[in-house]
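These notes are about the structure you will find just below.
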Amino acid sequence: MPMSNLLSILKNWEQKKSSDSFQVVEFFGTPGSGKTHLSDIAYRKLNKNATDVVSKLSVTIGKIGSMKRVIIKIFFVFYLIIINFSIVLNIIKLVGEFHSKVDCILIKLLFNFLYVVGMIRFCKNHNQISIMDQGVSQSIWSCIFHGNNVNYNCETASSLLLIIFSKIKLTNFLMVHVSVETDKIEARLKTRRIKGTSLLNSGNDKIIRRGVETTIKARNFLDRVSSHTSSFSIVDCTNN
């Protein structure tokens, strides 16, 4: 079990973070890796010890009905548009690096990315620590998985993401990369009760393998981003 490993990660992070910084803890990994489960553990741990309000909007929204979930996401998209439209423009440019064709895939990738950043900005404006299982890192994963540009410009994309971080004043972003053996991910996806919308939930072995490969690509990209800023840290957590 990853319990002791995760609690150690959170304890070290709490000791290093500054009191005036905006904190986001995001769990990243291939669908079926256990991000939501670990997010719940992190929420209980931080909510118990933190003096600030701890939000797990990302986790909660993912568990409600599809119609309500879409309505809430639309709220956060419009919230971001009203608060800072320049962030929206940079997100459009970033997603466009991964998917150049104007179609329903581009719209979906943009919508989800805007929703995630809008929610982060909302938490910041309400002085809340944000716990996420579907956040910026997972949005990058989706862009790589669904995007049509396999030869995206990594330097341009990473620069745009750093600009977005700067504009939302994200000063303390901890990404916990949840790693699991591929055969266990396959077993979990085929037996999980809440299927979600990911293509990997189909149980198709080829798609699942592609998802695992996408996770490696996304991690490499995010490592590049984290190497250019002290506000973004990445740690590993096994969940076998």
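Ligands are numbered from 1 in the order shown, residues from 1 within each chain, and chains are lettered A, B, ... in the order they appear in the structure tokens.
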
Give me the residues near Ser39 in chain A as a ChimeraX atom specification, where near means some atom within 9 Å (using only C-alpha atoms) and where sequence neighbours in that chain fewer than 5 positions away do not count.
/A:25-27,34,44,56,59,131-133

Writer output for current selection, C-alpha atoms, as a PDB file, in the first residue's frame:
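Output below, filename again.pdb:
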```
ATOM      1  CA  VAL A  25      -1.392  19.039  -4.963  1.00  0.00           C
ATOM      2  CA  GLU A  26      -2.197  17.121  -8.127  1.00  0.00           C
ATOM      3  CA  PHE A  27      -2.194  13.367  -8.638  1.00  0.00           C
ATOM      4  CA  GLY A  34      -5.525   5.112  -8.275  1.00  0.00           C
ATOM      5  CA  ARG A  44      -8.056  13.945   4.791  1.00  0.00           C
ATOM      6  CA  LYS A  56     -11.028  18.777  -3.466  1.00  0.00           C
ATOM      7  CA  VAL A  59     -12.283  14.884  -6.984  1.00  0.00           C
ATOM      8  CA  ILE A 131      -6.283  18.763  -4.153  1.00  0.00           C
ATOM      9  CA  MET A 132      -6.744  17.448  -7.687  1.00  0.00           C
ATOM     10  CA  ASP A 133      -7.000  14.085  -9.420  1.00  0.00           C
TER      11      ASP A 133
END
```

Proximity to Val180 in chain A - best of A:Cys237, A:Val70, A:Ile64, A:Val77, only C-alpha atoms:
A:Cys237

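Between Ile164 in chain A and the candidates A:Ala218, A:Leu106, A:Ile87, A:Leu94, the tightest atom-to-atom separation, counting only C-alpha atoms, involves A:Ile87.
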
Applying 9 Å and only C-alpha atoms, which residues near Ala42 in chain A remain after dropping the ones on its own chain fewer than 3 positions away? List them as JSON, numbers by chain.
{"A": [6, 7, 10, 25, 37, 38, 39, 45, 46, 47, 131]}

Give me, as a PyMOL selection string, the residues of range 121-239 of chain A that a backbone DSSP run labels alpha helix (DSSP H).
chain A and resi 121-125+136-146+154-167+182-191+205-226

Quick one: write out the picked residues with C-alpha atoms as a CSV table (one decimal), in the first residue's frame?
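Generated file (out_28.csv):
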```csv
chain,number,residue,atom,x,y,z
A,121,ARG,CA,-7.8,30.2,-10.1
A,122,PHE,CA,-11.1,30.0,-8.2
A,123,CYS,CA,-9.4,28.1,-5.3
A,124,LYS,CA,-6.6,30.7,-5.3
A,125,ASN,CA,-9.0,33.6,-5.1
A,136,VAL,CA,-3.1,20.5,-15.4
A,137,SER,CA,-0.8,17.4,-15.7
A,138,GLN,CA,-3.7,15.2,-16.6
A,139,SER,CA,-4.8,17.8,-19.2
A,140,ILE,CA,-1.4,17.5,-20.8
A,141,TRP,CA,-1.8,13.7,-20.8
A,142,SER,CA,-5.1,14.1,-22.6
A,143,CYS,CA,-3.5,16.6,-25.2
A,144,ILE,CA,-0.8,14.1,-26.0
A,145,PHE,CA,-3.1,11.1,-26.0
A,146,HIS,CA,-5.9,12.6,-28.2
A,154,CYS,CA,8.1,20.7,-26.7
A,155,GLU,CA,10.0,24.0,-26.1
A,156,THR,CA,7.0,26.1,-27.2
A,157,ALA,CA,4.5,24.0,-25.3
A,158,SER,CA,6.5,24.1,-22.1
A,159,SER,CA,7.0,27.9,-22.4
A,160,LEU,CA,3.3,28.4,-22.7
A,161,LEU,CA,2.6,26.2,-19.7
A,162,LEU,CA,5.1,28.2,-17.6
A,163,ILE,CA,3.3,31.4,-18.7
A,164,ILE,CA,0.0,30.0,-17.6
A,165,PHE,CA,1.5,29.1,-14.2
A,166,SER,CA,2.8,32.6,-13.9
A,167,LYS,CA,-0.5,34.2,-14.8
A,182,THR,CA,0.7,-2.1,-16.5
A,183,ASP,CA,-1.0,-5.5,-15.9
A,184,LYS,CA,-2.5,-4.1,-12.7
A,185,ILE,CA,-3.8,-1.0,-14.5
A,186,GLU,CA,-5.4,-3.4,-17.1
A,187,ALA,CA,-7.1,-5.4,-14.3
A,188,ARG,CA,-8.4,-2.3,-12.6
A,189,LEU,CA,-9.8,-0.7,-15.7
A,190,LYS,CA,-11.6,-3.9,-16.6
A,191,THR,CA,-13.2,-4.3,-13.2
A,205,ASP,CA,-5.4,-3.9,-24.3
A,206,LYS,CA,-4.0,-1.9,-27.2
A,207,ILE,CA,-5.6,1.4,-26.0
A,208,ILE,CA,-4.4,0.7,-22.4
A,209,ARG,CA,-0.8,0.2,-23.6
A,210,ARG,CA,-1.1,3.4,-25.6
A,211,GLY,CA,-2.3,5.2,-22.4
A,212,VAL,CA,0.7,3.9,-20.5
A,213,GLU,CA,3.1,5.1,-23.2
A,214,THR,CA,1.3,8.5,-23.2
A,215,THR,CA,2.0,8.7,-19.4
A,216,ILE,CA,5.7,8.3,-20.1
A,217,LYS,CA,5.6,11.0,-22.7
A,218,ALA,CA,3.6,13.4,-20.5
A,219,ARG,CA,6.0,12.8,-17.6
A,220,ASN,CA,9.0,13.6,-19.8
A,221,PHE,CA,7.3,16.8,-20.9
A,222,LEU,CA,6.4,17.8,-17.3
A,223,ASP,CA,10.0,17.0,-16.1
A,224,ARG,CA,11.1,19.6,-18.7
A,225,VAL,CA,8.7,22.2,-17.4
A,226,SER,CA,9.6,21.6,-13.7
```

For Ile9 in chain A: contacts at 8 Å, only C-alpha atoms, fewer than 4 positions along chain excluded, given as number ranges by chain:
A: 5, 13, 235

May I have the residues within 12 Å of Asn148 in chain A as an mmCIF file with all heavy atoms, in the first residue's frame, using only C-alpha atoms and disregarding those fewer than 6 positions away in the same chain?
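The result, written out as part.cif:
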```
data_model
loop_
_atom_site.group_PDB
_atom_site.id
_atom_site.type_symbol
_atom_site.label_atom_id
_atom_site.label_comp_id
_atom_site.auth_asym_id
_atom_site.auth_seq_id
_atom_site.Cartn_x
_atom_site.Cartn_y
_atom_site.Cartn_z
ATOM 1 N N VAL A 95 -2.914 24.150 -26.239
ATOM 2 C CA VAL A 95 -3.644 22.987 -26.755
ATOM 3 C C VAL A 95 -3.440 22.860 -28.259
ATOM 4 O O VAL A 95 -3.328 21.757 -28.789
ATOM 5 C CB VAL A 95 -5.145 23.090 -26.410
ATOM 6 C CG1 VAL A 95 -5.931 21.953 -27.059
ATOM 7 C CG2 VAL A 95 -5.346 23.061 -24.894
ATOM 8 N N GLY A 96 -3.345 24.007 -28.942
ATOM 9 C CA GLY A 96 -3.120 24.002 -30.386
ATOM 10 C C GLY A 96 -1.784 23.402 -30.784
ATOM 11 O O GLY A 96 -1.623 22.922 -31.917
ATOM 12 N N GLU A 97 -0.818 23.420 -29.864
ATOM 13 C CA GLU A 97 0.471 22.788 -30.150
ATOM 14 C C GLU A 97 0.320 21.271 -30.282
ATOM 15 O O GLU A 97 1.032 20.627 -31.047
ATOM 16 C CB GLU A 97 1.471 23.100 -29.034
ATOM 17 C CG GLU A 97 2.054 24.492 -29.063
ATOM 18 C CD GLU A 97 2.923 24.731 -30.290
ATOM 19 O OE1 GLU A 97 3.679 23.819 -30.666
ATOM 20 O OE2 GLU A 97 2.836 25.833 -30.856
ATOM 21 N N PHE A 98 -0.616 20.707 -29.537
ATOM 22 C CA PHE A 98 -0.819 19.255 -29.531
ATOM 23 C C PHE A 98 -1.858 18.792 -30.546
ATOM 24 O O PHE A 98 -1.800 17.664 -31.031
ATOM 25 C CB PHE A 98 -1.248 18.792 -28.137
ATOM 26 C CG PHE A 98 -0.224 19.029 -27.067
ATOM 27 C CD1 PHE A 98 -0.295 20.147 -26.246
ATOM 28 C CD2 PHE A 98 0.831 18.138 -26.883
ATOM 29 C CE1 PHE A 98 0.649 20.363 -25.257
ATOM 30 C CE2 PHE A 98 1.780 18.347 -25.896
ATOM 31 C CZ PHE A 98 1.686 19.466 -25.083
ATOM 32 N N HIS A 99 -2.822 19.671 -30.841
ATOM 33 C CA HIS A 99 -3.883 19.295 -31.782
ATOM 34 C C HIS A 99 -4.196 20.499 -32.667
ATOM 35 O O HIS A 99 -4.821 21.461 -32.219
ATOM 36 C CB HIS A 99 -5.128 18.840 -31.025
ATOM 37 C CG HIS A 99 -6.147 18.177 -31.896
ATOM 38 N ND1 HIS A 99 -6.043 16.858 -32.296
ATOM 39 C CD2 HIS A 99 -7.281 18.648 -32.477
ATOM 40 C CE1 HIS A 99 -7.071 16.543 -33.060
ATOM 41 N NE2 HIS A 99 -7.833 17.619 -33.184
ATOM 42 N N SER A 100 -3.792 20.429 -33.919
ATOM 43 C CA SER A 100 -3.883 21.573 -34.818
ATOM 44 C C SER A 100 -5.197 21.652 -35.596
ATOM 45 O O SER A 100 -5.518 22.675 -36.186
ATOM 46 C CB SER A 100 -2.715 21.542 -35.813
ATOM 47 O OG SER A 100 -2.721 20.318 -36.536
ATOM 48 N N LYS A 101 -5.968 20.568 -35.609
ATOM 49 C CA LYS A 101 -7.208 20.541 -36.383
ATOM 50 C C LYS A 101 -8.369 21.080 -35.549
ATOM 51 O O LYS A 101 -8.533 20.711 -34.390
ATOM 52 C CB LYS A 101 -7.520 19.110 -36.826
ATOM 53 C CG LYS A 101 -8.722 18.989 -37.747
ATOM 54 C CD LYS A 101 -8.930 17.538 -38.166
ATOM 55 C CE LYS A 101 -10.145 17.404 -39.079
ATOM 56 N NZ LYS A 101 -10.366 15.986 -39.479
ATOM 57 N N VAL A 102 -9.169 21.966 -36.164
ATOM 58 C CA VAL A 102 -10.327 22.514 -35.477
ATOM 59 C C VAL A 102 -11.483 21.515 -35.598
ATOM 60 O O VAL A 102 -12.150 21.418 -36.629
ATOM 61 C CB VAL A 102 -10.747 23.880 -36.064
ATOM 62 C CG1 VAL A 102 -11.966 24.429 -35.332
ATOM 63 C CG2 VAL A 102 -9.588 24.862 -35.988
ATOM 64 N N ASP A 103 -11.689 20.737 -34.557
ATOM 65 C CA ASP A 103 -12.743 19.721 -34.560
ATOM 66 C C ASP A 103 -13.236 19.492 -33.137
ATOM 67 O O ASP A 103 -12.871 20.225 -32.215
ATOM 68 C CB ASP A 103 -12.240 18.415 -35.194
ATOM 69 C CG ASP A 103 -10.984 17.867 -34.501
ATOM 70 O OD1 ASP A 103 -10.626 18.386 -33.416
ATOM 71 O OD2 ASP A 103 -10.352 16.936 -35.031
ATOM 72 N N ILE A 105 -12.502 17.189 -31.062
ATOM 73 C CA ILE A 105 -11.428 16.809 -30.152
ATOM 74 C C ILE A 105 -10.751 18.049 -29.581
ATOM 75 O O ILE A 105 -10.502 18.146 -28.374
ATOM 76 C CB ILE A 105 -10.394 15.911 -30.862
ATOM 77 C CG1 ILE A 105 -11.022 14.579 -31.258
ATOM 78 C CG2 ILE A 105 -9.168 15.681 -29.967
ATOM 79 C CD1 ILE A 105 -10.109 13.664 -32.043
ATOM 80 N N LEU A 106 -10.471 19.008 -30.459
ATOM 81 C CA LEU A 106 -9.849 20.261 -30.012
ATOM 82 C C LEU A 106 -10.747 20.973 -29.008
ATOM 83 O O LEU A 106 -10.267 21.460 -27.972
ATOM 84 C CB LEU A 106 -9.579 21.167 -31.212
ATOM 85 C CG LEU A 106 -8.976 22.544 -30.882
ATOM 86 C CD1 LEU A 106 -7.576 22.387 -30.317
ATOM 87 C CD2 LEU A 106 -8.959 23.436 -32.110
ATOM 88 N N LEU A 109 -10.592 19.129 -25.637
ATOM 89 C CA LEU A 109 -9.316 19.353 -24.957
ATOM 90 C C LEU A 109 -9.246 20.769 -24.381
ATOM 91 O O LEU A 109 -8.805 20.965 -23.243
ATOM 92 C CB LEU A 109 -8.159 19.129 -25.929
ATOM 93 C CG LEU A 109 -7.927 17.688 -26.402
ATOM 94 C CD1 LEU A 109 -6.860 17.644 -27.497
ATOM 95 C CD2 LEU A 109 -7.523 16.787 -25.236
ATOM 96 N N SER A 142 -3.986 14.211 -21.682
ATOM 97 C CA SER A 142 -5.085 14.131 -22.647
ATOM 98 C C SER A 142 -4.699 14.763 -23.981
ATOM 99 O O SER A 142 -5.050 14.244 -25.049
ATOM 100 C CB SER A 142 -6.336 14.829 -22.093
ATOM 101 O OG SER A 142 -6.830 14.149 -20.960
#
```

Work out how far CA of Lys108 in chain A is from CA of Gln23 in chain A, in Å to one decimal.
26.7 Å

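Nearest residue to Val88 in chain A among A:Asn172, A:Thr238, A:Asn112, A:Ser233 is A:Asn112, counting only C-alpha atoms.
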
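CA of Thr229 in chain A is positioned 14.3 Å from CA of Ile168 in chain A.
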
Suppose you want the space between CA of Lys11 in chain A and CA of Asp40 in chain A; what is it in Å?
15.7 Å
